[in-house]
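Structure file query.cif with mmCIF, C-alpha atoms and all ligand atoms:
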data_model
#
loop_
_atom_site.label_atom_id
_atom_site.label_comp_id
_atom_site.auth_asym_id
_atom_site.auth_seq_id
_atom_site.Cartn_x
_atom_site.Cartn_y
_atom_site.Cartn_z
CA MET J 1 -20.40 -4.45 -27.55
CA SER J 2 -22.37 -6.05 -30.26
CA THR J 3 -26.01 -4.94 -30.06
CA SER J 4 -27.07 -8.41 -31.16
CA GLN J 5 -25.79 -9.67 -27.79
CA THR J 6 -28.68 -11.41 -26.04
CA ALA J 7 -27.00 -13.37 -23.23
CA PRO J 8 -26.10 -11.37 -20.12
CA ILE J 9 -22.46 -10.30 -20.15
CA ALA J 10 -20.43 -10.85 -16.98
CA PHE J 11 -18.44 -7.95 -15.53
CA LEU J 12 -16.45 -7.12 -12.41
CA LYS J 13 -15.62 -3.81 -10.84
CA GLY J 14 -12.17 -3.27 -9.35
CA HIS J 15 -9.63 -0.62 -8.47
CA GLY J 16 -5.95 -0.06 -7.77
CA THR J 17 -5.34 2.92 -5.49
CA GLU J 18 -8.83 4.10 -6.49
CA ASN J 19 -8.06 4.11 -10.21
CA ASP J 20 -11.21 2.15 -11.02
CA PHE J 21 -12.11 -0.18 -13.84
CA VAL J 22 -14.94 -2.13 -15.37
CA VAL J 23 -13.51 -5.60 -16.01
CA VAL J 24 -15.05 -7.61 -18.87
CA PRO J 25 -13.85 -11.24 -19.00
CA ASP J 26 -14.05 -12.43 -22.59
CA PRO J 27 -11.45 -15.21 -23.06
CA ASP J 28 -12.43 -15.95 -26.67
CA ASN J 29 -12.73 -12.31 -27.75
CA ALA J 30 -16.38 -12.87 -28.59
CA ILE J 31 -17.62 -9.42 -27.50
CA ALA J 32 -17.19 -6.57 -29.97
CA LEU J 33 -16.50 -3.63 -27.64
CA SER J 34 -17.00 -0.40 -29.55
CA ALA J 35 -15.69 2.91 -28.19
CA ARG J 36 -19.29 3.91 -27.60
CA ALA J 37 -20.00 0.77 -25.56
CA VAL J 38 -16.90 1.36 -23.43
CA ALA J 39 -17.88 4.98 -22.78
CA ALA J 40 -21.41 3.89 -21.82
CA LEU J 41 -20.11 1.23 -19.41
CA CYS J 42 -17.62 3.68 -17.83
CA ASP J 43 -20.28 6.39 -17.40
CA ARG J 44 -20.58 7.01 -13.65
CA ARG J 45 -24.26 7.91 -13.72
CA ALA J 46 -25.85 5.96 -16.55
CA GLY J 47 -23.43 3.03 -16.63
CA ILE J 48 -21.29 1.02 -14.20
CA GLY J 49 -18.64 3.71 -13.88
CA GLY J 50 -14.88 3.60 -14.19
CA ASP J 51 -11.73 5.43 -15.25
CA GLY J 52 -11.25 2.71 -17.82
CA LEU J 53 -12.18 -0.78 -18.95
CA LEU J 54 -10.11 -3.97 -18.85
CA HIS J 55 -11.15 -6.39 -21.58
CA VAL J 56 -9.71 -9.75 -20.50
CA VAL J 57 -8.92 -11.81 -23.59
CA ARG J 58 -6.68 -14.80 -24.34
CA SER J 59 -3.74 -13.47 -26.38
CA ALA J 60 -4.25 -16.15 -29.01
CA ALA J 61 -7.79 -14.86 -29.61
CA HIS J 62 -6.86 -11.20 -30.18
CA PRO J 63 -5.26 -9.92 -33.38
CA GLU J 64 -3.17 -7.32 -31.48
CA ALA J 65 -1.79 -9.93 -29.07
CA ARG J 66 -1.47 -13.13 -31.09
CA ALA J 67 2.26 -12.59 -31.59
CA MET J 68 2.73 -12.50 -27.78
CA ALA J 69 0.66 -15.65 -27.12
CA ASP J 70 3.71 -17.89 -26.62
CA ASP J 71 4.97 -15.59 -23.85
CA ALA J 72 1.72 -14.48 -22.22
CA GLU J 73 -1.57 -16.38 -22.21
CA TRP J 74 -3.68 -13.31 -21.36
CA PHE J 75 -3.97 -9.93 -23.10
CA MET J 76 -5.05 -6.76 -21.33
CA ASP J 77 -7.10 -4.93 -23.98
CA TYR J 78 -7.19 -1.62 -22.09
CA ARG J 79 -9.63 1.21 -22.93
CA ASN J 80 -9.91 4.69 -21.44
CA ALA J 81 -13.25 5.96 -20.09
CA ASP J 82 -13.99 7.85 -23.31
CA GLY J 83 -13.56 4.63 -25.29
CA SER J 84 -10.11 5.44 -26.64
CA ILE J 85 -7.40 2.80 -26.68
CA ALA J 86 -4.20 3.11 -24.63
CA GLU J 87 -0.99 1.12 -24.74
CA MET J 88 -0.67 0.37 -21.06
CA CYS J 89 -2.26 0.90 -17.65
CA GLY J 90 -0.18 0.27 -14.52
CA ASN J 91 -3.02 0.14 -12.02
CA GLY J 92 -5.11 -1.77 -14.52
CA VAL J 93 -2.57 -4.54 -14.99
CA ARG J 94 -2.60 -5.24 -11.24
CA VAL J 95 -6.42 -5.40 -11.19
CA PHE J 96 -6.28 -7.58 -14.32
CA ALA J 97 -3.89 -9.99 -12.54
CA ARG J 98 -6.03 -9.96 -9.40
CA HIS J 99 -9.05 -10.97 -11.47
CA LEU J 100 -7.15 -13.83 -13.14
CA GLN J 101 -5.92 -15.05 -9.74
CA ARG J 102 -9.34 -14.78 -8.13
CA ALA J 103 -11.02 -16.57 -11.05
CA GLY J 104 -8.51 -19.41 -10.74
CA HIS J 105 -6.96 -18.81 -14.17
CA VAL J 106 -3.49 -18.31 -12.66
CA GLU J 107 -1.62 -19.32 -9.53
CA ALA J 108 0.25 -17.07 -7.15
CA GLY J 109 3.79 -16.33 -8.34
CA ASP J 110 5.03 -14.96 -11.65
CA LEU J 111 2.57 -14.16 -14.39
CA ALA J 112 3.14 -12.69 -17.84
CA VAL J 113 0.49 -10.30 -19.20
CA ALA J 114 0.43 -9.13 -22.81
CA THR J 115 -0.31 -5.43 -23.31
CA ARG J 116 -0.05 -3.07 -26.27
CA ALA J 117 3.24 -1.94 -24.69
CA GLY J 118 4.62 -5.48 -24.70
CA VAL J 119 4.63 -8.33 -22.20
CA LYS J 120 4.73 -7.26 -18.52
CA ARG J 121 5.78 -9.56 -15.69
CA VAL J 122 3.53 -9.49 -12.65
CA TYR J 123 4.31 -11.00 -9.26
CA LEU J 124 1.24 -12.15 -7.31
CA ALA J 125 1.75 -13.04 -3.69
CA ALA J 126 -0.39 -15.85 -2.30
CA GLY J 127 -3.29 -14.11 -0.57
CA SER J 128 -4.99 -14.93 2.68
CA ASP J 129 -8.51 -14.26 1.50
CA GLY J 130 -9.76 -17.33 -0.37
CA PRO J 131 -7.90 -20.03 -2.24
CA GLY J 132 -6.81 -17.84 -5.12
CA GLY J 133 -5.74 -15.00 -2.87
CA ALA J 134 -7.34 -11.58 -2.92
CA ASP J 135 -5.17 -9.23 -0.96
CA GLY J 136 -1.60 -8.07 -0.64
CA ASP J 137 0.29 -5.80 -2.98
CA ILE J 138 1.06 -6.85 -6.53
CA THR J 139 4.41 -6.02 -8.12
CA VAL J 140 4.71 -5.36 -11.84
CA ARG J 141 7.86 -5.14 -13.94
CA MET J 142 6.76 -2.19 -16.09
CA GLY J 143 9.69 -2.12 -18.52
CA ARG J 144 12.05 0.73 -19.25
CA ALA J 145 11.15 4.38 -19.06
CA LEU J 146 12.17 6.24 -22.21
CA LEU J 147 13.17 9.86 -21.83
CA PRO J 148 12.97 11.45 -25.27
CA GLY J 149 15.31 14.41 -25.78
CA ASP J 150 14.63 17.83 -24.44
CA GLU J 151 11.83 19.14 -26.65
CA GLY J 152 11.22 22.05 -24.28
CA VAL J 153 7.96 20.52 -23.06
CA SER J 154 5.84 22.64 -20.76
CA VAL J 155 2.51 22.22 -18.98
CA SER J 156 0.12 25.13 -18.31
CA VAL J 157 -2.94 25.55 -16.12
CA GLY J 158 -4.56 28.98 -16.12
CA ASP J 159 -1.79 31.57 -15.94
CA ARG J 160 0.81 29.16 -14.53
CA THR J 161 3.30 27.31 -16.75
CA TRP J 162 5.90 24.74 -15.67
CA PRO J 163 8.72 23.06 -17.59
CA ALA J 164 7.98 19.35 -17.87
CA ARG J 165 9.85 16.11 -18.47
CA HIS J 166 8.69 13.88 -21.30
CA VAL J 167 8.65 10.27 -20.04
CA ASP J 168 7.39 7.35 -22.09
CA MET J 169 6.22 4.33 -20.09
CA GLY J 170 4.78 2.67 -23.16
CA ASN J 171 2.23 5.48 -22.98
CA PRO J 172 3.07 9.20 -23.01
CA HIS J 173 3.58 11.41 -19.94
CA ALA J 174 4.53 15.03 -19.19
CA VAL J 175 5.81 15.41 -15.63
CA ALA J 176 5.82 18.88 -14.04
CA PHE J 177 7.35 19.60 -10.63
CA VAL J 178 5.20 22.25 -8.94
CA GLU J 179 5.28 24.09 -5.63
CA ASP J 180 1.78 23.14 -4.58
CA LEU J 181 -0.55 20.48 -6.01
CA ALA J 182 -3.44 22.93 -5.65
CA HIS J 183 -1.81 25.03 -8.40
CA ALA J 184 -2.99 22.39 -10.89
CA GLY J 185 -6.51 23.73 -10.25
CA SER J 186 -9.68 21.71 -10.69
CA LEU J 187 -8.30 19.72 -13.67
CA HIS J 188 -11.84 19.57 -15.01
CA SER J 189 -10.31 20.18 -18.38
CA ALA J 190 -7.00 18.98 -19.76
CA PRO J 191 -3.95 21.12 -19.01
CA ALA J 192 -2.21 22.59 -22.06
CA VAL J 193 0.91 20.62 -22.92
CA THR J 194 3.27 22.10 -25.52
CA PRO J 195 4.68 21.58 -28.04
CA ALA J 196 1.79 19.44 -29.29
CA SER J 197 4.25 17.86 -31.74
CA ALA J 198 5.94 16.08 -28.78
CA TYR J 199 2.73 14.15 -28.15
CA PRO J 200 1.00 13.35 -31.45
CA ALA J 201 -1.29 10.80 -29.75
CA GLY J 202 -2.13 12.93 -26.70
CA VAL J 203 -0.60 12.90 -23.23
CA ASN J 204 -1.11 12.16 -19.56
CA ALA J 205 0.01 15.11 -17.41
CA GLU J 206 1.41 14.72 -13.88
CA PHE J 207 1.89 17.43 -11.25
CA VAL J 208 4.40 16.54 -8.52
CA VAL J 209 5.65 17.88 -5.19
CA ASP J 210 8.31 16.57 -2.81
CA VAL J 211 7.04 15.49 0.58
CA GLY J 212 10.31 14.02 1.94
CA PRO J 213 13.49 12.26 0.85
CA ARG J 214 12.54 10.07 -2.13
CA HIS J 215 8.92 10.63 -1.25
CA LEU J 216 6.62 12.40 -3.71
CA ALA J 217 2.96 13.33 -4.01
CA MET J 218 1.21 13.82 -7.33
CA ARG J 219 -2.00 14.52 -9.19
CA VAL J 220 -2.70 13.41 -12.73
CA HIS J 221 -4.89 14.34 -15.67
CA GLU J 222 -5.21 11.23 -17.81
CA ARG J 223 -5.64 11.18 -21.55
CA GLY J 224 -9.10 9.79 -22.25
CA SER J 225 -10.26 9.79 -18.62
CA GLY J 226 -9.73 13.23 -17.01
CA GLU J 227 -8.40 13.66 -13.50
CA THR J 228 -8.16 10.26 -11.80
CA ARG J 229 -7.25 9.37 -8.23
CA SER J 230 -4.22 7.40 -9.36
CA CYS J 231 -2.18 6.44 -12.41
CA GLY J 232 0.40 3.65 -12.23
CA THR J 233 2.30 4.49 -15.39
CA GLY J 234 2.14 8.13 -14.27
CA ALA J 235 3.68 7.28 -10.89
CA CYS J 236 6.50 5.41 -12.67
CA ALA J 237 7.09 8.39 -14.97
CA VAL J 238 7.14 10.71 -11.97
CA ALA J 239 9.64 8.53 -10.05
CA VAL J 240 12.03 8.34 -13.01
CA ALA J 241 11.76 12.09 -13.65
CA ALA J 242 12.48 12.75 -9.96
CA ALA J 243 15.48 10.40 -9.99
CA ARG J 244 17.04 12.22 -12.96
CA ARG J 245 16.27 15.59 -11.37
CA ASP J 246 18.00 14.32 -8.20
CA GLY J 247 21.04 13.15 -10.19
CA LEU J 248 20.23 9.45 -9.72
CA ASP J 249 20.47 6.88 -12.50
CA PRO J 250 20.62 3.19 -11.49
CA ALA J 251 22.10 2.30 -14.88
CA VAL J 252 25.12 4.45 -13.95
CA THR J 253 25.45 3.74 -10.22
CA GLY J 254 24.36 0.07 -10.31
CA ALA J 255 22.12 0.71 -7.29
CA PRO J 256 18.30 0.53 -7.43
CA VAL J 257 16.45 3.74 -6.62
CA THR J 258 13.08 3.70 -4.87
CA TYR J 259 10.52 6.50 -4.58
CA THR J 260 7.30 6.35 -2.62
CA VAL J 261 4.55 8.11 -4.57
CA ASP J 262 1.39 9.29 -2.82
CA LEU J 263 -1.67 9.81 -4.99
CA PRO J 264 -5.14 11.00 -3.99
CA GLY J 265 -6.28 7.34 -4.01
CA GLY J 266 -3.36 5.67 -2.25
CA ARG J 267 0.35 4.90 -2.35
CA LEU J 268 2.55 3.23 -4.96
CA VAL J 269 6.19 2.26 -4.47
CA ILE J 270 8.33 2.61 -7.58
CA THR J 271 11.84 1.16 -7.98
CA GLU J 272 14.12 1.71 -10.94
CA LEU J 273 16.62 -1.13 -11.31
CA PRO J 274 20.18 -1.09 -12.67
CA ASP J 275 19.02 -2.80 -15.88
CA GLY J 276 16.77 0.22 -16.49
CA SER J 277 13.48 -1.52 -15.80
CA VAL J 278 10.93 0.02 -13.49
CA GLU J 279 9.03 -1.96 -10.86
CA MET J 280 5.75 -0.82 -9.35
CA ALA J 281 4.14 -2.26 -6.21
CA GLY J 282 0.62 -1.47 -5.07
CA PRO J 283 -2.77 -2.88 -4.18
CA ALA J 284 -5.46 -4.30 -6.47
CA VAL J 285 -9.00 -4.96 -5.31
CA ILE J 286 -12.04 -6.59 -6.90
CA VAL J 287 -15.10 -4.89 -5.43
CA ALA J 288 -18.07 -6.54 -7.13
CA GLU J 289 -19.18 -8.78 -9.93
CA GLY J 290 -22.41 -9.15 -11.82
CA TYR J 291 -24.10 -9.14 -15.20
CA ILE J 292 -24.75 -6.38 -17.69
CA ASP J 293 -28.41 -6.31 -18.65
CA PRO J 294 -28.81 -7.18 -22.35
CA VAL J 295 -31.82 -4.86 -22.58
CA TRP J 296 -29.64 -1.99 -21.34
CA CYS J 297 -27.06 -2.94 -23.98
CA GLU J 298 -29.72 -2.70 -26.66
CA THR J 299 -31.01 0.68 -25.52
CA ALA J 300 -27.90 2.45 -24.18
CA ILE J 301 -25.42 1.28 -26.76
CA ALA J 302 -27.48 0.70 -29.90
N1 LIG J 401 -4.53 4.83 -15.28
C1 LIG J 401 -3.54 4.16 -16.03
C2 LIG J 401 -3.18 4.75 -17.36
C3 LIG J 401 -4.32 4.55 -18.36
C4 LIG J 401 -3.98 4.97 -19.77
C5 LIG J 401 -3.83 6.45 -19.93
N2 LIG J 401 -5.03 7.20 -19.63
C6 LIG J 401 -3.40 6.72 -21.38
O1 LIG J 401 -4.23 7.07 -22.21
O2 LIG J 401 -2.20 6.57 -21.66
C7 LIG J 401 -2.37 3.70 -15.22
O3 LIG J 401 -2.59 3.33 -14.05
O4 LIG J 401 -1.25 3.62 -15.73
#

Entire entry expressed as C-alpha cells:
Amino acid sequence: MSTSQTAPIAFLKGHGTENDFVVVPDPDNAIALSARAVAALCDRRAGIGGDGLLHVVRSAAHPEARAMADDAEWFMDYRNADGSIAEMCGNGVRVFARHLQRAGHVEAGDLAVATRAGVKRVYLAAGSDGPGGADGDITVRMGRALLPGDEGVSVSVGDRTWPARHVDMGNPHAVAFVEDLAHAGSLHSAPAVTPASAYPAGVNAEFVVDVGPRHLAMRVHERGSGETRSCGTGACAVAVAAARRDGLDPAVTGAPVTYTVDLPGGRLVITELPDGSVEMAGPAVIVAEGYIDPVWCETAIA
C-alpha cells in the first residue's frame, strides 16, 4: 500500500469455511500493496486480521492478468497472511466471487475469474438475501490436479513421519493420511516436508483421516499463513489423493467421484470429473465492510 495514500481505502472482511480474508477492491490496480502492507492488514491484533488478502483488480489493469482479460474480467491477486504471493486460493475465489456478486459487478450464473493458476469458472446461485444474492454455496471448477511422480515425499511432526502424496492444484500440496488428526500436534510451526527439492517454492501440508465412505476430515498448515481452519485447494488435493488411494480415477472409469471433506471451519464437497477437472462447492460469506484509516497506513506500514 503506497504510503502516499491519503484517501481512505475501502475493504471488506469475508470467509469461506472460516478461511478468512481481507478483501481490497481496487478495480484499476491503483493501490501498491507491498508484502509488508499485506502482513500488517492480515495481523489479527494490530490490523484487520485474515489468513490472506484478496486484491480485487480488473484483469486488464494488472500485468500478471492482462493476457487473461478477454476470458475473465476480474483478477484475484491473492496474498498469504505473511505477504507472500500464491497461485491460487480455493476458499478465496468463492469469497472473491461473492464480493463481485454483492457489489453488483456480476450476475448470478457462470463467472470466469483470472488467477495466477489460470482462469477458474465459478457458478454463483441466485441468493435470497438482497438483489445480488449473498448466500448459498458457490461451486468452482478448480482445474486438474497434477500428481507429480513418486518423489518419496514425507511429512513429519515431532517424532512421527508419514508418507505423503504430492498434489499440485496450481499451488503445491503434500497430503498425509494419518490415524488421528491430533497427531499433527499444535501446528504452530510448519511440519517438515521432505525432500525439500520436491517443493522449491514451499508447500501446504494436509493431514487426513477417514470418517466414513468417501468422507474425510483434515487439518492443514498453509504456506505463508500457518494452520488455518480451512483450505479449498487443500481439500481438493486431499480428495484426489484419497480417490487414487481408493483405486478410483474418473478419467479411467468415466464416473465422477465425490468426497465430502470436513475441516475445522466447515465442510467442502469435492467432485473429480471424468475430464480430470475438480469441482469444489462450499459457502462464502462477507462479514463486514469499512475503510482503512489513512493515518494507520502512514504509521503501521510506512
Ligand atoms: N487457503 C487457500 C490457499 C491459499 C494459498 C496457500 N497458502 C499457498 O501458499 O499455496 C485455499 O483455500 O485454497

- Item | Test item: residues lying within 7 Å of ligand LIG 401 (chain J) with all atoms listed in the file, as a VMD selection string | chain J and resid 19 80 85 to 92 171 to 172 203 to 204 222 to 225 230 to 234

- Interatomic distance, atom CA of Asp77 of chain J to atom CA of Trp296 of chain J (Å, one decimal):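 Separation of atom CA of Asp77 of chain J and atom CA of Trp296 of chain J: 22.9 Å.
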
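The two atoms in question, atom CA of Ser186 of chain J and atom CA of Ala174 of chain J, are spaced 17.9 Å apart.
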
For His183 of chain J, find every residue with an atom within 8 Å (counting all atoms listed in the file), except residues of its own chain fewer than 3 positions away, and show them as a short mmCIF file (atom, residue, chain, number, x, y, z; two decimals) with C-alpha atoms, keeping the file's coordinate frame.
data_model
loop_
_atom_site.label_atom_id
_atom_site.label_comp_id
_atom_site.auth_asym_id
_atom_site.auth_seq_id
_atom_site.Cartn_x
_atom_site.Cartn_y
_atom_site.Cartn_z
CA VAL J 157 -2.94 25.55 -16.12
CA ARG J 160 0.81 29.16 -14.53
CA VAL J 178 5.20 22.25 -8.94
CA GLU J 179 5.28 24.09 -5.63
CA ASP J 180 1.78 23.14 -4.58
#

- Task: Quick one: everything within 12 Å of Pro283 of chain J, counting only C-alpha atoms, minus sequence neighbours fewer than 6 positions away in the same chain. Send it as number ranges by chain.
- Result: J: 14-20, 90-98, 123-125, 127, 134-140, 230, 232, 265-269

Can you pull out every residue within 8 Å of Gly290 of chain J, counting all atoms listed in the file, but drop anything in the same chain fewer than 4 positions away, and send it as a PDB file with C-alpha atoms, keeping the file's coordinate frame?
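Writing done, so here's selection_13.pdb:
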ATOM      1  CA  ALA J  10     -20.430 -10.850 -16.980  1.00  0.00           C
ATOM      2  CA  PHE J  11     -18.440  -7.950 -15.530  1.00  0.00           C
ATOM      3  CA  LEU J  12     -16.450  -7.120 -12.410  1.00  0.00           C
TER       4      LEU J  12
END

- Which of these residues is nearest to Pro163 of chain J, using all atoms listed in the file: J:Ala190, J:Ile292, J:Ala176, J:Asn29? J:Ala176

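From atom CA of Ala184 of chain J back to atom CA of Asp249 of chain J, the distance works out to 28.2 Å.
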
Using only C-alpha atoms, which protein or nucleic acid residues come within 12 Å of Val119 of chain J? Drop anything in the same chain fewer than 3 positions from it, and give the result as a compact mmCIF listing (two decimals) with C-alpha atoms, keeping the file's coordinate frame.
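Output contents, as saved in selection.txt:
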# COMPACT_ATOMS: atom_id res chain seq x y z
CA SER J 59 -3.74 -13.47 -26.38
CA ALA J 65 -1.79 -9.93 -29.07
CA ARG J 66 -1.47 -13.13 -31.09
CA ALA J 67 2.26 -12.59 -31.59
CA MET J 68 2.73 -12.50 -27.78
CA ALA J 69 0.66 -15.65 -27.12
CA ASP J 70 3.71 -17.89 -26.62
CA ASP J 71 4.97 -15.59 -23.85
CA ALA J 72 1.72 -14.48 -22.22
CA GLU J 73 -1.57 -16.38 -22.21
CA TRP J 74 -3.68 -13.31 -21.36
CA PHE J 75 -3.97 -9.93 -23.10
CA MET J 76 -5.05 -6.76 -21.33
CA GLU J 87 -0.99 1.12 -24.74
CA MET J 88 -0.67 0.37 -21.06
CA VAL J 93 -2.57 -4.54 -14.99
CA LEU J 111 2.57 -14.16 -14.39
CA ALA J 112 3.14 -12.69 -17.84
CA VAL J 113 0.49 -10.30 -19.20
CA ALA J 114 0.43 -9.13 -22.81
CA THR J 115 -0.31 -5.43 -23.31
CA ARG J 116 -0.05 -3.07 -26.27
CA VAL J 122 3.53 -9.49 -12.65
CA VAL J 140 4.71 -5.36 -11.84
CA ARG J 141 7.86 -5.14 -13.94
CA MET J 142 6.76 -2.19 -16.09
CA GLY J 143 9.69 -2.12 -18.52
CA GLY J 170 4.78 2.67 -23.16

- Given all atoms listed in the file as the counted atoms, nearest of J:Ala300, J:Val278, J:Ala164, J:Ile9 to Arg245 of chain J: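 Looking at the shortest contact to Arg245 of chain J, the residue is J:Ala164.
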
Any chance you could model N, CA and C atoms for segment 204-224 of chain J and send them as a short mmCIF file (atom, residue, chain, number, x, y, z; two decimals), in the frame of the given file?
data_model
loop_
_atom_site.label_atom_id
_atom_site.label_comp_id
_atom_site.auth_asym_id
_atom_site.auth_seq_id
_atom_site.Cartn_x
_atom_site.Cartn_y
_atom_site.Cartn_z
N ASN J 204 -0.70 12.14 -20.96
CA ASN J 204 -1.11 12.16 -19.56
C ASN J 204 -0.21 13.18 -18.87
N ALA J 205 -0.79 14.05 -18.05
CA ALA J 205 0.01 15.11 -17.41
C ALA J 205 0.02 14.91 -15.90
N GLU J 206 1.24 14.91 -15.32
CA GLU J 206 1.41 14.72 -13.88
C GLU J 206 1.96 15.99 -13.25
N PHE J 207 1.44 16.30 -12.06
CA PHE J 207 1.89 17.43 -11.25
C PHE J 207 2.46 16.83 -9.96
N VAL J 208 3.68 17.23 -9.60
CA VAL J 208 4.40 16.54 -8.52
C VAL J 208 4.98 17.53 -7.53
N VAL J 209 4.92 17.15 -6.23
CA VAL J 209 5.65 17.88 -5.19
C VAL J 209 6.48 16.88 -4.38
N ASP J 210 7.53 17.38 -3.75
CA ASP J 210 8.31 16.57 -2.81
C ASP J 210 7.65 16.63 -1.45
N VAL J 211 7.56 15.46 -0.80
CA VAL J 211 7.04 15.49 0.58
C VAL J 211 8.08 14.97 1.57
N GLY J 212 9.23 14.52 1.07
CA GLY J 212 10.31 14.02 1.94
C GLY J 212 11.37 13.42 1.06
N PRO J 213 12.44 12.88 1.66
CA PRO J 213 13.49 12.26 0.85
C PRO J 213 12.92 11.07 0.07
N ARG J 214 13.07 11.11 -1.21
CA ARG J 214 12.54 10.07 -2.13
C ARG J 214 11.07 9.75 -1.83
N HIS J 215 10.35 10.77 -1.54
CA HIS J 215 8.92 10.63 -1.25
C HIS J 215 8.19 11.78 -1.94
N LEU J 216 7.29 11.43 -2.85
CA LEU J 216 6.62 12.40 -3.71
C LEU J 216 5.11 12.30 -3.54
N ALA J 217 4.42 13.38 -3.89
CA ALA J 217 2.96 13.33 -4.01
C ALA J 217 2.60 13.90 -5.38
N MET J 218 1.55 13.40 -5.97
CA MET J 218 1.21 13.82 -7.33
C MET J 218 -0.30 13.85 -7.57
N ARG J 219 -0.67 14.62 -8.59
CA ARG J 219 -2.00 14.52 -9.19
C ARG J 219 -1.79 14.27 -10.68
N VAL J 220 -2.84 13.75 -11.31
CA VAL J 220 -2.70 13.41 -12.73
C VAL J 220 -3.98 13.77 -13.49
N HIS J 221 -3.79 14.23 -14.71
CA HIS J 221 -4.89 14.34 -15.67
C HIS J 221 -4.60 13.32 -16.76
N GLU J 222 -5.47 12.32 -16.86
CA GLU J 222 -5.21 11.23 -17.81
C GLU J 222 -5.86 11.48 -19.17
N ARG J 223 -5.11 11.22 -20.18
CA ARG J 223 -5.64 11.18 -21.55
C ARG J 223 -6.83 10.23 -21.57
N GLY J 224 -7.95 10.68 -22.07
CA GLY J 224 -9.10 9.79 -22.25
C GLY J 224 -9.93 9.53 -21.02
#
